[in-house]
Amino acid sequence: MSEPPVDPAQASGAAPPAEGEAPQSKKGAKKAEAKAKKEAEKARKAAEREAAAAAQKAAAGGDEDLAKESYGDWTHTIKVDAEKVQLKNLGDGHVGKTVKLRAWIQNARMQGAKMAFVELREERNWTVQGVIAASPEGKPVSKQMVKWVGALRFESFVLVEATVQKPLEPVKSCRVSEYELHLTKCYVIAAGPEVLPLGLNAANRAIASFEDEDPSQPAQVPAEGIENLSITDSAAAPSASLSTHLNNPAMHKRAPVQQAIADVRMTVRKLFSEYLDSKDFVQFEAPCLIGAASEGGANVFSLPYFEKQAYLAQSPQFYKQIEIAGGRKRVYCIGPVFRAENSNTPRHMTEFTGLDLEMEIEESYHEVIHMIEGVMLHIFRGLEERCKEQIELIRAIYPSDEFLLPADGKEVRLTFAEGQKLLREEGPEEFRNVSDDEDMSTPQEKALGALVRKKFGTDFYVLDKFPEGARPFYTLEDPANPKVTNAYDFFMRGQEILSGGQRIHVPELLEARLRKKGIDPTSPGIREYVDVFRSAGVPPHGGGGIGLDRVVAWYLNLPSVHLTSYYPRTPKRLSP
């Protein structure tokens, strides 16, 4: 039986014309047919995409996180067996290899939904870029893992496993710019806070104010709305006060500039010891607790000591001399010095580190001056060689002129009177009438330092023959002119960093000078000191005490000695 004929419009899927409507034209039918085919193709492709997504999801375990064992909080059961690496040692030999690294999260940000970037920092300013991207199959890196890494809090301490790769172009924001780490594992060992009290960018900027408020009061925290900046962009970050820095010691000390200053400080100590060891000096240890106020009792801290009173030593002076009396020819010590001075200035602290030396004199006390010149020049030249990188970093934050040294054999040594004469003749107007019999003020010292730099081309020099009234009781008067003493100060950039001289080694002379200074030779502490010279013959000797904090501060031309101290102590600060 034959089928009835089919209307072409109906065969193409077009609806038949409604009752009362005109039949569709051939052109309209073709348009309708093309539209229907297009919609059908769209539906087919959408179905294919859905099927592919479903297949991928199924391959990745559906909603299951296949990388959940590769990230999260670290526990003692988690082991990463890759090679341990330090950023400073990364090289071409590591490219393509899997390594592990412990570091701080300096920065973290998402790049879309499947990729994140982090900056990882080790000690000082060693940083590297980390990249993490979700794997199509969800393992070893899942989208959940990427999202978690991209949201890590700043200054969290993490353990990562990664493959070392070469970036498409150098990563300018990181010190390790020629390599990057492609993360496959990441564990938080110690999480950072939600909000940092002092961000690393602010901590690495020059301090805004050196007024140190009461540490018991909350310090103003800089608003760090641009915390996502790399440390290399810290110049754009807000700065903080000294009080904010010291009240947040962990972040203050993490700043690369502070670590660089600390490196310079410790290098000065090492260079001091190195030089003196090479000159047959013997190191010893002086006590901090003493039974009587030393040096006449001025500016000394006292404290209860069982049934008695004890004091914190202002200087190891007496003990250096006892070591010489005990048969040593040359001695030195490094230790804390305490001064109960209520001075709230950038130059003063109530506790600082002293570098002290004492030596036997054979012919002239100038032997001591030359020895100290030698150790100081060894320190300065050693810093240029060993701390070049740190000094460059510090000067990028705290700009300063290069510290000028005298040429060999051209060391500048002026008498006190010559220094005052130079001030009167070439210094500022207010110093045209300075006296040779009175000690210099700080403004005088700085003005003289500027003149010496201009006239002799050096920031390091010595003033000798200080007036008798400006020196302590144990300093020997010049036998040829009792108005002055065999005593000297050493200066850096016009600021004193060492005071020293020849000591009185004859007990009768020592007693006479004590009385001249208004000190009873039989008073507690003083009597025991004089008795050392009565108990045995003591050779002529001299030395000096160097303020470590000042050497570092003035060499770098920092605005405050407080920046050079690990934990500065001032009349306002006893913490942390």
# chains A, B, ... in the order shown; residues from 1 in each chain; ligands from 1

$ select_by_dssp --residues "stretch 285-506 of chain A" --states "alpha helix (DSSP H)" --output "PDB file with C-alpha atoms, in the first residue's frame"
ATOM      1  CA  GLN A 317      88.464  48.907  83.642  1.00  0.00           C
ATOM      2  CA  PHE A 318      89.607  47.694  87.058  1.00  0.00           C
ATOM      3  CA  TYR A 319      89.581  44.068  85.944  1.00  0.00           C
ATOM      4  CA  LYS A 320      91.670  44.740  82.852  1.00  0.00           C
ATOM      5  CA  GLN A 321      94.264  46.328  85.109  1.00  0.00           C
ATOM      6  CA  ILE A 322      94.114  43.436  87.560  1.00  0.00           C
ATOM      7  CA  GLU A 323      94.842  41.088  84.630  1.00  0.00           C
ATOM      8  CA  ILE A 324      97.945  43.163  83.780  1.00  0.00           C
ATOM      9  CA  ALA A 325      98.935  43.129  87.462  1.00  0.00           C
ATOM     10  CA  HIS A 366     101.584  56.047  72.035  1.00  0.00           C
ATOM     11  CA  GLU A 367     102.243  52.304  71.654  1.00  0.00           C
ATOM     12  CA  VAL A 368      98.646  51.864  72.818  1.00  0.00           C
ATOM     13  CA  ILE A 369      97.330  54.520  70.433  1.00  0.00           C
ATOM     14  CA  HIS A 370      99.034  52.795  67.507  1.00  0.00           C
ATOM     15  CA  MET A 371      97.652  49.408  68.580  1.00  0.00           C
ATOM     16  CA  ILE A 372      94.108  50.746  68.776  1.00  0.00           C
ATOM     17  CA  GLU A 373      94.516  52.495  65.426  1.00  0.00           C
ATOM     18  CA  GLY A 374      95.610  49.154  64.013  1.00  0.00           C
ATOM     19  CA  VAL A 375      92.600  47.269  65.338  1.00  0.00           C
ATOM     20  CA  MET A 376      90.142  49.942  64.178  1.00  0.00           C
ATOM     21  CA  LEU A 377      91.608  50.118  60.658  1.00  0.00           C
ATOM     22  CA  HIS A 378      91.525  46.303  60.525  1.00  0.00           C
ATOM     23  CA  ILE A 379      87.821  46.457  61.413  1.00  0.00           C
ATOM     24  CA  PHE A 380      86.988  49.106  58.826  1.00  0.00           C
ATOM     25  CA  ARG A 381      88.861  47.392  56.004  1.00  0.00           C
ATOM     26  CA  GLY A 382      87.465  44.020  57.020  1.00  0.00           C
ATOM     27  CA  LEU A 383      83.918  45.352  56.829  1.00  0.00           C
ATOM     28  CA  GLU A 384      84.541  46.643  53.305  1.00  0.00           C
ATOM     29  CA  GLU A 385      85.665  43.172  52.288  1.00  0.00           C
ATOM     30  CA  ARG A 386      83.362  40.873  54.262  1.00  0.00           C
ATOM     31  CA  LYS A 388      79.954  44.597  51.126  1.00  0.00           C
ATOM     32  CA  GLU A 389      76.564  43.063  50.321  1.00  0.00           C
ATOM     33  CA  GLN A 390      75.078  43.908  53.728  1.00  0.00           C
ATOM     34  CA  ILE A 391      76.398  47.488  53.589  1.00  0.00           C
ATOM     35  CA  GLU A 392      74.836  48.016  50.158  1.00  0.00           C
ATOM     36  CA  LEU A 393      71.494  46.724  51.461  1.00  0.00           C
ATOM     37  CA  ILE A 394      71.644  48.978  54.540  1.00  0.00           C
ATOM     38  CA  ARG A 395      72.563  52.057  52.483  1.00  0.00           C
ATOM     39  CA  ALA A 396      69.579  51.389  50.209  1.00  0.00           C
ATOM     40  CA  ILE A 397      67.369  51.952  53.286  1.00  0.00           C
ATOM     41  CA  PHE A 416      93.027  68.275  72.173  1.00  0.00           C
ATOM     42  CA  ALA A 417      94.432  71.818  71.998  1.00  0.00           C
ATOM     43  CA  GLU A 418      95.028  71.479  68.244  1.00  0.00           C
ATOM     44  CA  GLY A 419      91.458  70.350  67.757  1.00  0.00           C
ATOM     45  CA  GLN A 420      90.134  73.331  69.691  1.00  0.00           C
ATOM     46  CA  LYS A 421      92.423  75.656  67.733  1.00  0.00           C
ATOM     47  CA  LEU A 422      91.046  74.275  64.465  1.00  0.00           C
ATOM     48  CA  LEU A 423      87.503  74.918  65.700  1.00  0.00           C
ATOM     49  CA  ARG A 424      88.354  78.463  66.723  1.00  0.00           C
ATOM     50  CA  GLU A 425      90.008  79.274  63.400  1.00  0.00           C
ATOM     51  CA  GLU A 426      87.869  77.382  60.875  1.00  0.00           C
ATOM     52  CA  THR A 442      78.786  66.873  71.279  1.00  0.00           C
ATOM     53  CA  PRO A 443      78.167  69.764  68.831  1.00  0.00           C
ATOM     54  CA  GLN A 444      81.878  70.656  69.061  1.00  0.00           C
ATOM     55  CA  GLU A 445      82.868  67.065  68.291  1.00  0.00           C
ATOM     56  CA  LYS A 446      80.619  66.938  65.243  1.00  0.00           C
ATOM     57  CA  ALA A 447      81.862  70.288  63.956  1.00  0.00           C
ATOM     58  CA  LEU A 448      85.470  69.145  64.364  1.00  0.00           C
ATOM     59  CA  GLY A 449      84.650  65.906  62.536  1.00  0.00           C
ATOM     60  CA  ALA A 450      83.359  67.864  59.551  1.00  0.00           C
ATOM     61  CA  LEU A 451      86.532  69.988  59.517  1.00  0.00           C
ATOM     62  CA  VAL A 452      88.785  66.913  59.713  1.00  0.00           C
ATOM     63  CA  ARG A 453      86.914  65.256  56.842  1.00  0.00           C
ATOM     64  CA  LYS A 454      87.261  68.358  54.705  1.00  0.00           C
ATOM     65  CA  LYS A 455      90.875  69.075  55.616  1.00  0.00           C
ATOM     66  CA  PHE A 456      92.346  65.555  55.853  1.00  0.00           C
TER      67      PHE A 456
END

$ residues_around --residues "A:Lys253" --least-positions-apart "6" --cutoff "10 Å" --atoms "only C-alpha atoms" --output "PyMOL selection string"
chain A and resi 124+200+203-204+245-246+259-260+262+566

$ write_last_selection --atoms "N, CA, C and O atoms" --output "short mmCIF file (atom, residue, chain, number, x, y, z; two decimals), in the first residue's frame"
data_model
loop_
_atom_site.label_atom_id
_atom_site.label_comp_id
_atom_site.auth_asym_id
_atom_site.auth_seq_id
_atom_site.Cartn_x
_atom_site.Cartn_y
_atom_site.Cartn_z
N ARG A 124 67.57 36.30 55.96
CA ARG A 124 67.97 37.53 55.28
C ARG A 124 66.98 37.82 54.15
O ARG A 124 65.78 37.76 54.37
N LEU A 200 56.27 43.04 56.92
CA LEU A 200 57.67 43.01 56.54
C LEU A 200 58.06 44.22 55.72
O LEU A 200 59.17 44.74 55.85
N ALA A 203 58.60 46.96 58.12
CA ALA A 203 59.77 46.65 58.95
C ALA A 203 61.07 46.88 58.19
O ALA A 203 62.11 47.16 58.80
N ASN A 204 61.02 46.79 56.87
CA ASN A 204 62.23 46.93 56.07
C ASN A 204 62.42 48.35 55.54
O ASN A 204 63.28 48.60 54.71
N HIS A 245 58.45 49.06 66.02
CA HIS A 245 59.44 48.04 65.70
C HIS A 245 59.80 47.22 66.93
O HIS A 245 59.76 45.98 66.89
N LEU A 246 60.18 47.90 68.01
CA LEU A 246 60.67 47.18 69.18
C LEU A 246 59.56 46.43 69.90
O LEU A 246 59.83 45.44 70.59
N GLN A 259 68.70 42.39 59.76
CA GLN A 259 69.61 41.25 59.76
C GLN A 259 70.97 41.65 59.19
O GLN A 259 72.01 41.17 59.65
N ALA A 260 70.97 42.55 58.22
CA ALA A 260 72.23 43.03 57.66
C ALA A 260 73.01 43.83 58.71
O ALA A 260 74.24 43.69 58.84
N ALA A 262 72.79 43.46 61.94
CA ALA A 262 73.27 42.47 62.92
C ALA A 262 74.51 41.74 62.38
O ALA A 262 75.44 41.45 63.14
N TYR A 566 70.80 44.45 69.62
CA TYR A 566 69.81 43.39 69.48
C TYR A 566 68.56 43.70 70.28
O TYR A 566 67.44 43.55 69.78
#

$ closest_residue --among "A:Val141, A:Val164, A:Val131, A:Leu558" --to "A:Asp92" --atoms "only C-alpha atoms"
A:Val164

$ residues_around --residues "stretch 115-122 of chain A" --least-positions-apart "5" --cutoff "6 Å" --atoms "only C-alpha atoms" --output "list in words"
Ala103, Trp104, Ile105, Gln106, Asn107, Ala108, Arg109, Met110, Thr127, Val128, Gln129, Gly130, Val131, Ile132, Ala133 and Gly150 of chain A

$ residues_around --residues "A:Glu83" --least-positions-apart "6" --cutoff "7 Å" --atoms "only C-alpha atoms" --output "list in words"
Thr98, Val99 and Lys100 of chain A

$ atom_distance --atom1 "atom CA of A:Phe338" --atom2 "atom CA of A:Gln283"
20.4 Å

$ closest_residue --among "A:Gly335, A:Pro249, A:Gly91, A:Pro193" --to "A:Tyr179" --atoms "only C-alpha atoms"
A:Gly91

$ closest_residue --among "A:Ala340, A:Ala293, A:Leu404, A:Leu183" --to "A:Gly525" --atoms "only C-alpha atoms"
A:Ala293

$ atom_distance --atom1 "atom CA of A:Phe154" --atom2 "atom CA of A:Ala202"
13.6 Å

$ residues_around --residues "A:Ser70" --least-positions-apart "3" --cutoff "8 Å" --atoms "only C-alpha atoms" --output "list in words"
Ala67, Pro140, Val141, Thr184, Lys185, Cys186 and Tyr187 of chain A

$ residues_around --residues "A:Thr353" --least-positions-apart "4" --cutoff "6 Å" --atoms "only C-alpha atoms" --output "PDB file with C-alpha atoms, in the first residue's frame"
ATOM      1  CA  GLY A 335      80.883  42.193  77.383  1.00  0.00           C
ATOM      2  CA  PRO A 336      77.975  44.318  78.611  1.00  0.00           C
ATOM      3  CA  VAL A 337      78.512  47.740  80.173  1.00  0.00           C
ATOM      4  CA  LEU A 548      80.490  48.343  69.745  1.00  0.00           C
TER       5      LEU A 548
END

$ residues_around --residues "A:Lys143" --least-positions-apart "3" --cutoff "6 Å" --atoms "only C-alpha atoms" --output "count of residues only"
3

$ closest_residue --among "A:Glu430, A:Glu496, A:Glu411, A:Glu358" --to "A:Pro540" --atoms "only C-alpha atoms"
A:Glu358

$ closest_residue --among "A:Tyr365, A:Phe284, A:Trp148, A:Tyr529" --to "A:Asp464" --atoms "only C-alpha atoms"
A:Tyr365
